[in-house]
file model-v9.cif (mmCIF, C-alpha atoms (C1' of nucleotides))
data_coords
loop_
_atom_site.label_atom_id
_atom_site.label_comp_id
_atom_site.auth_asym_id
_atom_site.auth_seq_id
_atom_site.Cartn_x
_atom_site.Cartn_y
_atom_site.Cartn_z
CA MET A 1 0.00 0.00 0.00
CA ALA A 2 2.88 2.30 0.73
CA ARG A 3 4.39 1.68 -2.65
CA ARG A 4 1.13 2.09 -4.45
CA SER A 5 0.10 5.26 -2.71
CA GLY A 6 3.41 7.01 -2.72
CA LEU A 7 3.20 7.57 1.02
CA SER A 8 5.62 6.08 3.44
CA ARG A 9 4.74 3.15 5.57
CA ASP A 10 5.14 5.24 8.65
CA THR A 11 2.89 7.90 7.28
CA ILE A 12 0.19 5.40 6.53
CA ARG A 13 0.44 3.98 10.00
CA PHE A 14 0.39 7.49 11.36
CA TYR A 15 -2.89 8.08 9.56
CA GLU A 16 -4.18 4.80 10.84
CA ARG A 17 -3.24 5.68 14.41
CA ASN A 18 -5.18 8.85 13.96
CA GLY A 19 -8.21 7.08 12.69
CA LEU A 20 -8.14 8.39 9.15
CA ILE A 21 -8.00 4.96 7.66
CA GLY A 22 -8.72 1.55 8.96
CA SER A 23 -7.10 -1.76 8.36
CA THR A 24 -8.40 -5.21 8.83
CA GLU A 25 -6.72 -8.31 10.04
CA GLY A 26 -5.13 -10.08 7.18
CA PRO A 27 -6.54 -13.30 5.82
CA ASP A 28 -3.84 -15.20 7.62
CA ARG A 29 -4.75 -14.97 11.26
CA THR A 30 -1.53 -16.48 12.44
CA ASN A 31 0.37 -13.30 11.84
CA SER A 32 -0.42 -9.70 12.59
CA TYR A 33 0.03 -8.34 9.13
CA ARG A 34 -2.36 -5.65 8.11
CA ASP A 35 -4.72 -5.88 5.24
CA TYR A 36 -6.25 -2.93 3.48
CA HIS A 37 -9.49 -2.64 1.64
CA GLU A 38 -9.20 -1.38 -1.85
CA ALA A 39 -11.02 1.78 -0.76
CA VAL A 40 -8.16 2.67 1.50
CA PHE A 41 -6.06 3.45 -1.51
CA ASP A 42 -8.52 6.05 -2.74
CA ARG A 43 -8.86 7.41 0.69
CA LEU A 44 -5.15 7.85 1.04
CA GLN A 45 -5.08 9.78 -2.18
CA MET A 46 -7.74 12.09 -0.94
CA ILE A 47 -6.16 12.48 2.45
CA ASP A 48 -3.01 13.53 0.73
CA GLU A 49 -4.82 16.08 -1.37
CA ALA A 50 -6.75 17.41 1.56
CA GLN A 51 -3.67 17.65 3.66
CA LYS A 52 -1.88 19.61 1.00
CA ALA A 53 -4.91 21.82 0.69
CA GLY A 54 -4.48 22.74 4.32
CA PHE A 55 -6.73 20.36 6.18
CA THR A 56 -5.49 19.28 9.54
CA ILE A 57 -5.77 15.71 10.69
CA SER A 58 -8.68 16.44 12.94
CA GLU A 59 -10.54 18.31 10.26
CA LEU A 60 -10.07 15.36 7.99
CA LEU A 61 -11.31 13.08 10.68
CA PHE A 62 -14.47 15.07 11.06
CA PHE A 63 -14.95 15.27 7.32
CA LEU A 64 -14.28 11.64 6.54
CA ARG A 65 -16.54 10.39 9.26
CA GLN A 66 -19.36 12.20 7.55
CA ILE A 67 -18.61 10.93 4.12
CA GLU A 68 -18.63 7.39 5.35
CA GLY A 69 -21.65 7.54 7.57
CA PRO A 70 -23.94 10.53 7.84
CA SER A 71 -24.84 11.32 11.37
CA PRO A 72 -27.03 13.74 13.28
CA GLU A 73 -24.24 16.25 13.01
CA ASP A 74 -25.01 16.93 9.40
CA LEU A 75 -25.78 20.56 9.98
CA ASP A 76 -22.47 21.22 11.60
CA VAL A 77 -20.82 19.51 8.74
CA GLU A 78 -22.52 21.68 6.21
CA GLU A 79 -21.26 24.75 7.97
CA PHE A 80 -17.86 23.23 8.25
CA LEU A 81 -17.79 22.43 4.56
CA ASP A 82 -18.98 25.88 3.54
CA GLN A 83 -16.29 27.35 5.67
CA LYS A 84 -13.65 25.08 4.26
CA ILE A 85 -14.75 25.71 0.72
CA ARG A 86 -14.34 29.42 1.26
CA GLU A 87 -10.95 28.84 2.78
CA VAL A 88 -9.72 26.77 -0.09
CA GLU A 89 -11.05 29.32 -2.56
CA ALA A 90 -9.21 32.04 -0.71
CA ASN A 91 -6.06 29.97 -0.75
CA ILE A 92 -6.32 29.56 -4.47
CA GLU A 93 -6.73 33.28 -4.97
CA ARG A 94 -3.82 34.02 -2.72
CA ALA A 95 -1.68 31.51 -4.52
CA LYS A 96 -2.57 33.07 -7.84
CA ARG A 97 -1.59 36.48 -6.62
CA PHE A 98 1.65 35.16 -5.32
CA LEU A 99 2.28 33.40 -8.58
CA LYS A 100 2.20 36.79 -10.27
CA THR A 101 4.87 38.05 -7.95
CA LEU A 102 6.99 35.03 -8.68
CA ARG A 103 6.57 35.41 -12.41
CA ALA A 104 7.35 39.09 -12.27
CA THR A 105 10.50 38.39 -10.33
CA ARG A 106 11.42 35.70 -12.77
CA GLN A 107 10.96 38.11 -15.62
CA ALA A 108 13.01 40.79 -13.97
CA LEU A 109 15.83 38.34 -13.48
CA SER A 110 15.92 37.02 -16.98
CA GLY A 111 15.98 40.56 -18.26
CA THR A 112 18.93 41.34 -16.06
CA SER A 113 21.20 38.42 -16.69
CA MET B 114 4.28 47.30 12.84
CA ALA B 115 2.57 44.33 14.38
CA ARG B 116 -0.75 46.11 14.37
CA ARG B 117 -0.36 47.35 10.85
CA SER B 118 0.74 44.08 9.39
CA GLY B 119 -1.66 41.82 11.20
CA LEU B 120 1.17 39.63 12.36
CA SER B 121 2.05 39.19 15.98
CA ARG B 122 5.00 40.90 17.52
CA ASP B 123 6.55 37.56 18.22
CA THR B 124 6.08 36.45 14.68
CA ILE B 125 7.75 39.55 13.37
CA ARG B 126 10.66 39.05 15.69
CA PHE B 127 10.78 35.43 14.65
CA TYR B 128 11.14 36.56 11.05
CA GLU B 129 13.75 39.04 12.08
CA ARG B 130 15.73 36.39 13.93
CA ASN B 131 15.64 34.36 10.79
CA GLY B 132 16.89 37.18 8.66
CA LEU B 133 13.78 37.71 6.62
CA ILE B 134 13.47 41.30 7.63
CA GLY B 135 15.82 43.76 9.18
CA SER B 136 15.31 46.49 11.67
CA THR B 137 17.40 49.49 12.42
CA GLU B 138 18.18 51.16 15.63
CA GLY B 139 15.54 53.67 16.42
CA PRO B 140 16.22 57.39 16.15
CA ASP B 141 16.49 57.53 19.89
CA ARG B 142 19.73 55.80 20.71
CA THR B 143 19.16 55.83 24.41
CA ASN B 144 16.73 52.96 24.24
CA SER B 145 16.78 49.71 22.37
CA TYR B 146 13.55 50.11 20.53
CA ARG B 147 13.42 48.85 17.02
CA ASP B 148 12.65 50.92 14.03
CA TYR B 149 11.39 49.59 10.74
CA HIS B 150 11.75 50.95 7.29
CA GLU B 151 8.55 51.45 5.46
CA ALA B 152 9.57 48.68 3.09
CA VAL B 153 9.41 46.19 5.90
CA PHE B 154 5.68 46.47 5.89
CA ASP B 155 5.43 45.40 2.27
CA ARG B 156 7.90 42.70 2.86
CA LEU B 157 5.92 41.30 5.73
CA GLN B 158 2.87 41.16 3.54
CA MET B 159 4.72 39.23 0.94
CA ILE B 160 6.33 36.93 3.44
CA ASP B 161 2.90 36.11 4.71
CA GLU B 162 1.63 35.36 1.25
CA ALA B 163 4.64 33.31 0.38
CA GLN B 164 4.45 31.38 3.57
CA LYS B 165 0.83 30.55 2.96
CA ALA B 166 1.74 29.53 -0.55
CA GLY B 167 4.04 26.94 0.91
CA PHE B 168 7.42 28.63 1.01
CA THR B 169 9.58 27.68 3.93
CA ILE B 170 11.59 30.23 5.81
CA SER B 171 14.80 29.21 4.16
CA GLU B 172 13.34 29.34 0.72
CA LEU B 173 12.09 32.79 1.43
CA LEU B 174 15.50 33.75 2.66
CA PHE B 175 17.08 32.65 -0.55
CA PHE B 176 14.44 34.35 -2.61
CA LEU B 177 14.39 37.64 -0.76
CA ARG B 178 18.14 37.96 -0.77
CA GLN B 179 17.97 37.92 -4.54
CA ILE B 180 15.23 40.42 -4.85
CA GLU B 181 17.13 42.86 -2.74
CA GLY B 182 20.54 42.42 -4.19
CA PRO B 183 21.27 40.35 -7.25
CA SER B 184 24.33 38.25 -6.84
CA PRO B 185 26.42 35.83 -8.86
CA GLU B 186 23.89 33.15 -7.94
CA ASP B 187 21.37 34.50 -10.38
CA LEU B 188 21.27 31.36 -12.41
CA ASP B 189 20.48 29.22 -9.44
CA VAL B 190 17.76 31.62 -8.58
CA GLU B 191 16.20 31.38 -11.98
CA GLU B 192 16.06 27.65 -11.65
CA PHE B 193 14.73 27.95 -8.17
CA LEU B 194 12.02 30.32 -9.31
CA ASP B 195 11.02 28.18 -12.24
CA GLN B 196 10.76 25.27 -9.91
CA LYS B 197 8.74 27.20 -7.40
CA ILE B 198 6.44 28.56 -10.04
CA ARG B 199 5.70 25.05 -11.18
CA GLU B 200 5.10 24.00 -7.63
CA VAL B 201 2.67 26.77 -6.92
CA GLU B 202 0.87 26.07 -10.17
CA ALA B 203 0.58 22.44 -9.19
CA ASN B 204 -0.72 23.44 -5.80
CA ILE B 205 -3.37 25.55 -7.38
CA GLU B 206 -4.47 22.72 -9.61
CA ARG B 207 -4.54 20.33 -6.71
CA ALA B 208 -6.55 22.74 -4.65
CA LYS B 209 -9.02 23.16 -7.47
CA ARG B 210 -9.46 19.44 -7.74
CA PHE B 211 -9.98 19.14 -4.06
CA LEU B 212 -12.46 21.97 -4.14
CA LYS B 213 -14.56 19.89 -6.48
CA THR B 214 -14.58 17.07 -4.00
CA LEU B 215 -15.61 19.43 -1.27
CA ARG B 216 -18.38 20.92 -3.33
CA ALA B 217 -19.65 17.54 -4.37
CA THR B 218 -19.76 16.44 -0.77
CA ARG B 219 -21.52 19.61 0.16
CA GLN B 220 -24.08 18.98 -2.52
CA ALA B 221 -24.64 15.43 -1.46
CA LEU B 222 -25.24 16.56 2.07
CA SER B 223 -27.69 19.27 1.29
CA GLY B 224 -29.61 16.84 -0.87
CA THR B 225 -29.78 14.38 2.00
CA SER B 226 -30.82 16.57 4.85
"C1'" DG C 227 17.10 -24.61 8.44
"C1'" DT C 228 19.29 -20.50 7.94
"C1'" DT C 229 19.30 -15.97 6.00
"C1'" DA C 230 17.46 -11.88 3.68
"C1'" DA C 231 13.63 -9.26 3.32
"C1'" DC C 232 9.63 -7.91 4.96
"C1'" DA C 233 5.98 -6.76 8.89
"C1'" DA C 234 4.32 -4.84 13.63
"C1'" DT C 235 4.77 -2.07 17.86
"C1'" DG C 236 5.95 1.45 21.01
"C1'" DG C 237 8.03 5.18 22.02
"C1'" DA C 238 11.61 8.47 21.18
"C1'" DC C 239 12.88 11.94 18.21
"C1'" DC C 240 12.75 15.66 14.68
"C1'" DA C 241 11.93 20.11 11.90
"C1'" DT C 242 9.04 23.78 11.26
"C1'" DT C 243 6.67 27.70 12.78
"C1'" DG C 244 5.60 30.03 15.88
"C1'" DT C 245 4.00 31.48 21.07
"C1'" DC C 246 4.65 32.43 25.94
"C1'" DA C 247 6.76 33.79 30.24
"C1'" DA C 248 10.11 35.90 33.10
"C1'" DT C 249 12.85 39.66 33.71
"C1'" DG C 250 13.98 44.22 33.18
"C1'" DG C 251 14.27 48.81 30.76
"C1'" DT C 252 11.41 53.11 28.74
"C1'" DT C 253 7.73 56.38 27.95
"C1'" DT C 254 3.73 58.85 28.87
"C1'" DG C 255 0.16 60.96 31.25
"C1'" DA C 256 -2.07 62.27 35.46
"C1'" DT D 257 6.67 60.61 40.86
"C1'" DC D 258 3.94 56.66 40.13
"C1'" DA D 259 1.31 53.57 37.29
"C1'" DA D 260 -0.09 51.81 32.98
"C1'" DA D 261 1.43 50.66 28.83
"C1'" DC D 262 4.88 49.95 26.04
"C1'" DC D 263 9.54 47.63 24.39
"C1'" DA D 264 13.58 44.10 24.38
"C1'" DT D 265 15.91 39.55 25.27
"C1'" DT D 266 16.36 34.93 26.32
"C1'" DG D 267 15.02 30.64 26.42
"C1'" DA D 268 11.45 27.39 27.25
"C1'" DC D 269 7.34 25.45 25.42
"C1'" DA D 270 3.89 23.85 22.04
"C1'" DA D 271 1.27 21.90 18.04
"C1'" DT D 272 1.60 19.64 13.77
"C1'" DG D 273 2.99 16.03 10.86
"C1'" DG D 274 5.62 13.00 10.45
"C1'" DT D 275 10.21 9.84 10.84
"C1'" DC D 276 13.40 6.64 13.06
"C1'" DC D 277 14.88 2.96 16.03
"C1'" DA D 278 15.02 -1.15 18.72
"C1'" DT D 279 12.90 -5.21 19.31
"C1'" DT D 280 10.43 -8.97 17.80
"C1'" DG D 281 7.70 -11.85 14.67
"C1'" DT D 282 6.96 -13.88 9.73
"C1'" DT D 283 7.88 -15.41 5.15
"C1'" DA D 284 10.31 -16.95 1.39
"C1'" DA D 285 14.27 -18.41 -1.17
"C1'" DC D 286 17.97 -21.07 -1.26
#

call {"tool": "encode", "arguments": {"input": "model-v9.cif", "output": "structure tokens"}}
result
Amino acid sequence: MARRSGLSRDTIRFYERNGLIGSTEGPDRTNSYRDYHEAVFDRLQMIDEAQKAGFTISELLFFLRQIEGPSPEDLDVEEFLDQKIREVEANIERAKRFLKTLRATRQALSGTS
Amino acid sequence: MARRSGLSRDTIRFYERNGLIGSTEGPDRTNSYRDYHEAVFDRLQMIDEAQKAGFTISELLFFLRQIEGPSPEDLDVEEFLDQKIREVEANIERAKRFLKTLRATRQALSGTS
DNA sequence: GTTAACAATGGACCATTGTCAATGGTTTGA
DNA sequence: TCAAACCATTGACAATGGTCCATTGTTAAC
């Protein structure tokens, strides 16, 4: 799973410790090797994206719990999502602005040298 | 400066310790109060943006040094900038993708409840 | 049946990016 | 002149997101 997902083994176990993913006992009960559902792969991909988009572990936890099984907290989650959506949008705008600065600097340099 | 920039005093001093900004001795030499050039304000703004765009302190250091005073390392800096520009672009794309996920989830929820 | 290569666990450790607290000096206004 | 409100310095502390290590168990190839 580590190789497939591009994450390190330790990172995956770190996520597992934090409840972001689950593992099952492997088919061979005589050892303690982990086994992962296929869905865990997708989830890891999304965790990685979310993380890079600025989600903290606990935000992810909250979010993922909802995706998997809706609960009475739905309203809170909607607010949370709206909030997060605005945040990510703001991040994108900020990044775009900063990109302009970078490009301008890059231009200035190539003119100079 | 802290009030104007929206950063905490400690954060500003943290940046100063790390060489991202400079301060001068104040006009009154009998105390040890700092004084900041007007340019420091702008720089703080940009540091904040850069930081949120994923630059580390040391990357910023490298970058800012160049902006202020071009050096023989210009070529390295061009490479560095090109690299960083690609990174930020990739971040933006990733964030956009993730935004879709968020919005889809949001939609699903509001349909449900 | 031994060895290399993998797996699990627990806990220590790490870098990054700040934040806080203790201590002590300075300024200002009443 | 005294207090409230600043400022500086130093070094400890903290949260986050991992990473590493020592120990021990398992598997597989030879």

call {"tool": "residues_around", "arguments": {"input": "model-v9.cif", "residues": "DT229 in chain C", "least_positions_apart": "6", "cutoff": "12 Å", "atoms": "all atoms listed in the file", "output": "list in words"}}
result
DT283, DA284, DA285 and DC286 of chain D

call {"tool": "closest_atom_pairs", "arguments": {"input": "model-v9.cif", "of": "chain D", "to": "chain B", "cutoff": "12 Å", "atoms": "only C-alpha atoms (C1' of nucleotides)", "output": "CSV"}}
result
residue,atom,partner,partner_atom,distance
D:DC262,C1',B:Tyr146,CA,10.3
D:DC263,C1',B:Tyr146,CA,6.1
D:DA264,C1',B:Ser145,CA,6.8
D:DT265,C1',B:Ser145,CA,10.6

call {"tool": "interface_residues", "arguments": {"input": "model-v9.cif", "of": "chain C", "to": "chain B", "cutoff": "9 Å", "atoms": "all atoms listed in the file", "output": "PyMOL selection string"}}
result
chain C and resi 242-245+251-252

call {"tool": "resolve_selection", "arguments": {"input": "model-v9.cif", "expression": "the PyMOL selection byres ((chain A) within 8 of (chain B))", "output": "PyMOL selection string"}}
result
chain A and resi 49-50+52-53+67+74+78+81-82+85+88-89+91-92+94-96+98-99+102-103+105-106+109-110+113

call {"tool": "resolve_selection", "arguments": {"input": "model-v9.cif", "expression": "the PyMOL selection byres ((chain B and resi 125) around 12)", "output": "MDAnalysis selection string"}}
result
(chainID B and resid 114:124 126:136 147 149 153:154 156:158 160:161) or (chainID C and resid 243:245)

call {"tool": "atom_distance", "arguments": {"input": "model-v9.cif", "atom1": "CA of Thr137 in chain B", "atom2": "CA of Gly182 in chain B"}}
result
18.3 Å

call {"tool": "residues_around", "arguments": {"input": "model-v9.cif", "residues": "DC258 in chain D", "least_positions_apart": "2", "cutoff": "12 Å", "atoms": "all atoms listed in the file", "output": "ChimeraX atom specification"}}
result
/C:254-256 /D:260

call {"tool": "closest_residue", "arguments": {"input": "model-v9.cif", "among": "D:DT257, D:DT272, D:DT266, D:DT279", "to": "DT235 in chain C", "atoms": "only C-alpha atoms (C1' of nucleotides)"}}
result
D:DT279

call {"tool": "axis_aligned_box", "arguments": {"input": "model-v9.cif", "around": "range 238-242 of chain C", "padding_each_side": "4 Å", "output": "lines of an AutoDock Vina configuration file"}}
result
center_x = 11.0
center_y = 16.1
center_z = 16.2
size_x = 11.8
size_y = 23.3
size_z = 17.9

call {"tool": "atom_distance", "arguments": {"input": "model-v9.cif", "atom1": "CA of Glu38 in chain A", "atom2": "CA of Ala203 in chain B"}}
result
26.8 Å

call {"tool": "resolve_selection", "arguments": {"input": "model-v9.cif", "expression": "the PyMOL selection byres ((chain C and resi 248) around 12)", "output": "MDAnalysis selection string"}}
result
(chainID C and resid 246:247 249:250) or (chainID D and resid 265:268)

call {"tool": "atom_distance", "arguments": {"input": "model-v9.cif", "atom1": "C1' of DA241 in chain C", "atom2": "CA of Phe62 in chain A"}}
result
26.9 Å
